[in-house]
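Working notes, beginning with the structure itself.
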Amino acid sequence: MEDLLQLKNIYKDFGNVKVLKDVNINIKKGEVVALIGDNGAGKSTLIKVITGVHKPSSGQVYFKGNEVVLKSVAQSRKMGIEAVYQERALCDQQELWRNIFAGREITNTFGFIDIKKQRKEAEKILRDYIGFTSKAITVDSTIMGLSGGEKQGVAFGRSLYFDSDLIVLDEPTMGLSIQETEKVLNFVKGLKKENKSAIFIDHNIIHVYGAADRFIILDRGEVAGEFNKNEISRDELVKKMIQLHESGKIKVND
Ligand SMILES: Nc1ncnc2c1ncn2[C@@H]1O[C@H](COP(=O)(O)OP(=O)(O)O)[C@@H](O)[C@H]1O
Ligand SMILES: [Mg+2]
């Protein structure tokens with residue numbers, strides 16, 4: 001499998017705080033990678049480097065074999081990296097027909113937003129890509145009025161419509177009902193079939209083990225271990241995490 005994303009020697013400091021330290025990660029095409037580790041390990045920061053929210057203090061990012069300097073979310077989106085954020089709970093007053101196309105507006109020949117076309121495409125996304133059948137949700141619904149699972153659905157629909165190569169999910173099941181969680185995990189698993197890749201963060205090792213092909217353990221800003229699903233059982237993975245926590249060591253295999 002060919003590498004879709006490569007992170008080489010990534011460091012990220014916030015002032016004096018070294019949050020990421022020499023992180024090296026590869027993600028192949030059609031691969032689902034789970035990023036696991038304690039609170040404060042640097043998982044969200046790493047994901048924000050990938051989505052262009054944070055510029056790394058040093059290190060290189062390669063996407064589809066080319067070095068890229070990610071400067072903004074809009075730019076990484078354009079390249080094919082789509083994020084589903086932990087901060088999705090932030091209230092958003094935007095209607096769906098606007099929100100889905102934020103940063104990728106459909107414009108007419110005069111450069112203005114083509115409202116009619118955006119509404120029509122948004123309707124298609126709701127129906128065909130997300131499968132919303134409830135009459136209560138229309139293109140005029142605001143993000144704020146959706147449930148957690150519905151918000152996730154919108155983010156997924158968007159990534160499918162724009163044909164993203166890499167879907168980045170930061171705790172996508174947080175605060176969701178059991179049924180909604182199931183839907184999210186099925187979506188993540190289904191990405192492989194489309195030869196899309198995903199990097200996802202989840203605290204629940206059962207979710208992680210079920211959905212991912214590979215696990216990367218991040219500990220205090222460093223990659224502490226990496227395992228393919230076929231080389232480790234779920235119980236062993238849990239054991240490794242506990243060992244890491246109790247020993248205070250940086251590498252799982254030290
Ligand atoms: N914008 C920021 N400014 C300063 N410190 C930050 C910022 N974002 C994250 N941090 C710090 O970086 C560390 C890692 O945070 P984060 O990446 O959110 O961890 P995780 O997602 O693994 O819980 C934490 O100590 C956090 O306080
Ligand atoms: Mg986080």
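Just so we're on the same page: first chain in the structure tokens is A, next is B, and so on; residues restart at 1 for each chain, and ligands are numbered from 1 in the order they show up.
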Given a cut-off of 9 Å, what residues near ligand 1 show up using only C-alpha atoms and all ligand atoms, put as an mmCIF file with C-alpha atoms, in the first residue's frame?
```
data_model
loop_
_atom_site.group_PDB
_atom_site.id
_atom_site.type_symbol
_atom_site.label_atom_id
_atom_site.label_comp_id
_atom_site.auth_asym_id
_atom_site.auth_seq_id
_atom_site.Cartn_x
_atom_site.Cartn_y
_atom_site.Cartn_z
ATOM 1 C CA LYS A 12 5.318 21.351 18.294
ATOM 2 C CA ASP A 13 5.974 23.777 21.137
ATOM 3 C CA PHE A 14 3.566 26.208 22.702
ATOM 4 C CA GLY A 15 5.936 28.683 24.320
ATOM 5 C CA VAL A 17 5.771 23.632 26.549
ATOM 6 C CA LYS A 18 6.969 20.902 24.234
ATOM 7 C CA VAL A 19 3.767 19.178 23.192
ATOM 8 C CA LEU A 20 5.002 17.027 20.283
ATOM 9 C CA LEU A 35 -4.332 7.434 17.886
ATOM 10 C CA ILE A 36 -4.527 6.483 21.544
ATOM 11 C CA GLY A 37 -3.040 7.797 24.760
ATOM 12 C CA ASP A 38 -3.764 9.657 27.963
ATOM 13 C CA ASN A 39 -5.330 13.087 28.220
ATOM 14 C CA GLY A 40 -2.755 15.687 27.399
ATOM 15 C CA ALA A 41 -0.602 13.259 25.352
ATOM 16 C CA GLY A 42 -0.806 15.576 22.358
ATOM 17 C CA LYS A 43 -3.315 13.675 20.216
ATOM 18 C CA SER A 44 -5.487 16.650 19.335
ATOM 19 C CA THR A 45 -2.434 18.791 18.705
ATOM 20 C CA LEU A 46 -1.051 16.207 16.295
ATOM 21 C CA ILE A 47 -4.345 16.112 14.456
ATOM 22 C CA LYS A 48 -4.369 19.886 14.273
ATOM 23 C CA HIS A 54 -1.256 24.425 13.896
ATOM 24 C CA ASP A 170 -11.085 13.592 17.095
ATOM 25 C CA ILE A 201 -8.938 9.327 18.339
ATOM 26 C CA LEU A 218 1.122 8.669 21.959
ATOM 27 C CA ASP A 219 2.594 9.399 25.366
ATOM 28 C CA ARG A 220 3.672 12.839 26.554
ATOM 29 C CA GLY A 221 4.163 13.995 23.001
#
```
Gly175 (chain A): which residues within 9 Å, counting only C-alpha atoms, same-chain residues fewer than 5 positions away excluded, as a PDB file with N, CA and C atoms, in the first residue's frame?
```
ATOM      1  N   GLY A 148     -25.729  15.265  18.435  1.00  0.00           N
ATOM      2  CA  GLY A 148     -24.315  14.953  18.214  1.00  0.00           C
ATOM      3  C   GLY A 148     -24.129  14.024  17.028  1.00  0.00           C
ATOM      4  N   GLY A 149     -24.946  13.009  16.958  1.00  0.00           N
ATOM      5  CA  GLY A 149     -24.832  12.031  15.872  1.00  0.00           C
ATOM      6  C   GLY A 149     -25.157  12.655  14.520  1.00  0.00           C
ATOM      7  N   THR A 181     -23.211   5.939  18.119  1.00  0.00           N
ATOM      8  CA  THR A 181     -21.825   5.464  18.173  1.00  0.00           C
ATOM      9  C   THR A 181     -21.616   4.349  17.154  1.00  0.00           C
TER      10      THR A 181
END
```
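Restricting the calculation to only C-alpha atoms and all ligand atoms, the smallest distance between ligand 2 and any of A:Leu169, A:Lys183, A:Arg214, A:Val23 is found for A:Leu169.
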Exercise for the section: Do a neighbour search on Val168 (chain A) at 9 Å with only C-alpha atoms, toss out local chain neighbours closer than 2 positions, and write the hits as JSON, numbers by chain. Expected result: {"A": [47, 50, 51, 81, 82, 83, 84, 85, 166, 170, 197, 198, 199, 200, 201]}
Practice task
Report as JSON, numbers by chain: the residues of region 12-241 of chain A with a DSSP assignment of helix (DSSP H, G or I), based on the backbone of this structure.
Solution key: {"A": [43, 44, 45, 46, 47, 48, 49, 50, 73, 74, 75, 76, 77, 78, 79, 86, 87, 88, 89, 96, 97, 98, 99, 115, 116, 117, 118, 119, 120, 121, 122, 123, 124, 125, 126, 127, 128, 129, 130, 143, 144, 145, 148, 149, 150, 151, 152, 153, 154, 155, 156, 157, 158, 159, 160, 161, 178, 179, 180, 181, 182, 183, 184, 185, 186, 187, 188, 189, 190, 191, 192, 193, 194, 205, 206, 207, 208, 209, 210, 211, 229, 230, 231, 234, 235, 236, 237, 238, 239, 240, 241]}
Exercise for the section: Would you mind telling me which residue in A:Pro172, A:Gly157, A:Gly30, A:Gly145 lies nearest to ligand 2 when using only C-alpha atoms and all ligand atoms? Expected result: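 Among the listed residues, the smallest separation from ligand 2 belongs to A:Pro172.
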Practice task
Fewer than 3 positions away in the same chain doesn't count, so skip those; otherwise give me all residues within 8 Å of Phe162 (chain A), counting only C-alpha atoms, as a list in words.
Solution key: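 Counting only C-alpha atoms, the residues come to Gly80, Arg158 and Ser159 of chain A.
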Fill in the blank from the handout: Judged by only C-alpha atoms, the minimum distance to Tyr11 (chain A) among A:Lys120, A:Lys28, A:Lys78, A:Lys55 is found for A:Lys55
Fill in the blank from the handout: For ligand 2, the closest of A:Lys135, A:Lys229, A:Lys116, A:His203 counting only C-alpha atoms and all ligand atoms is A:His203
Exercise for the section: Kindly indicate which residue among A:Phe156, A:Phe215, A:Tyr129, A:Phe227 lies nearest to Val32 (chain A), using only C-alpha atoms for the distances. Expected result: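 Smallest distance to Val32 (chain A) is found for A:Phe215.
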Exercise for the section: Can you work out the spacing between CA of Glu121 (chain A) and CA of Val73 (chain A) in Å, to one decimal? Expected result: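 Interatomic distance here is 22.0 Å.
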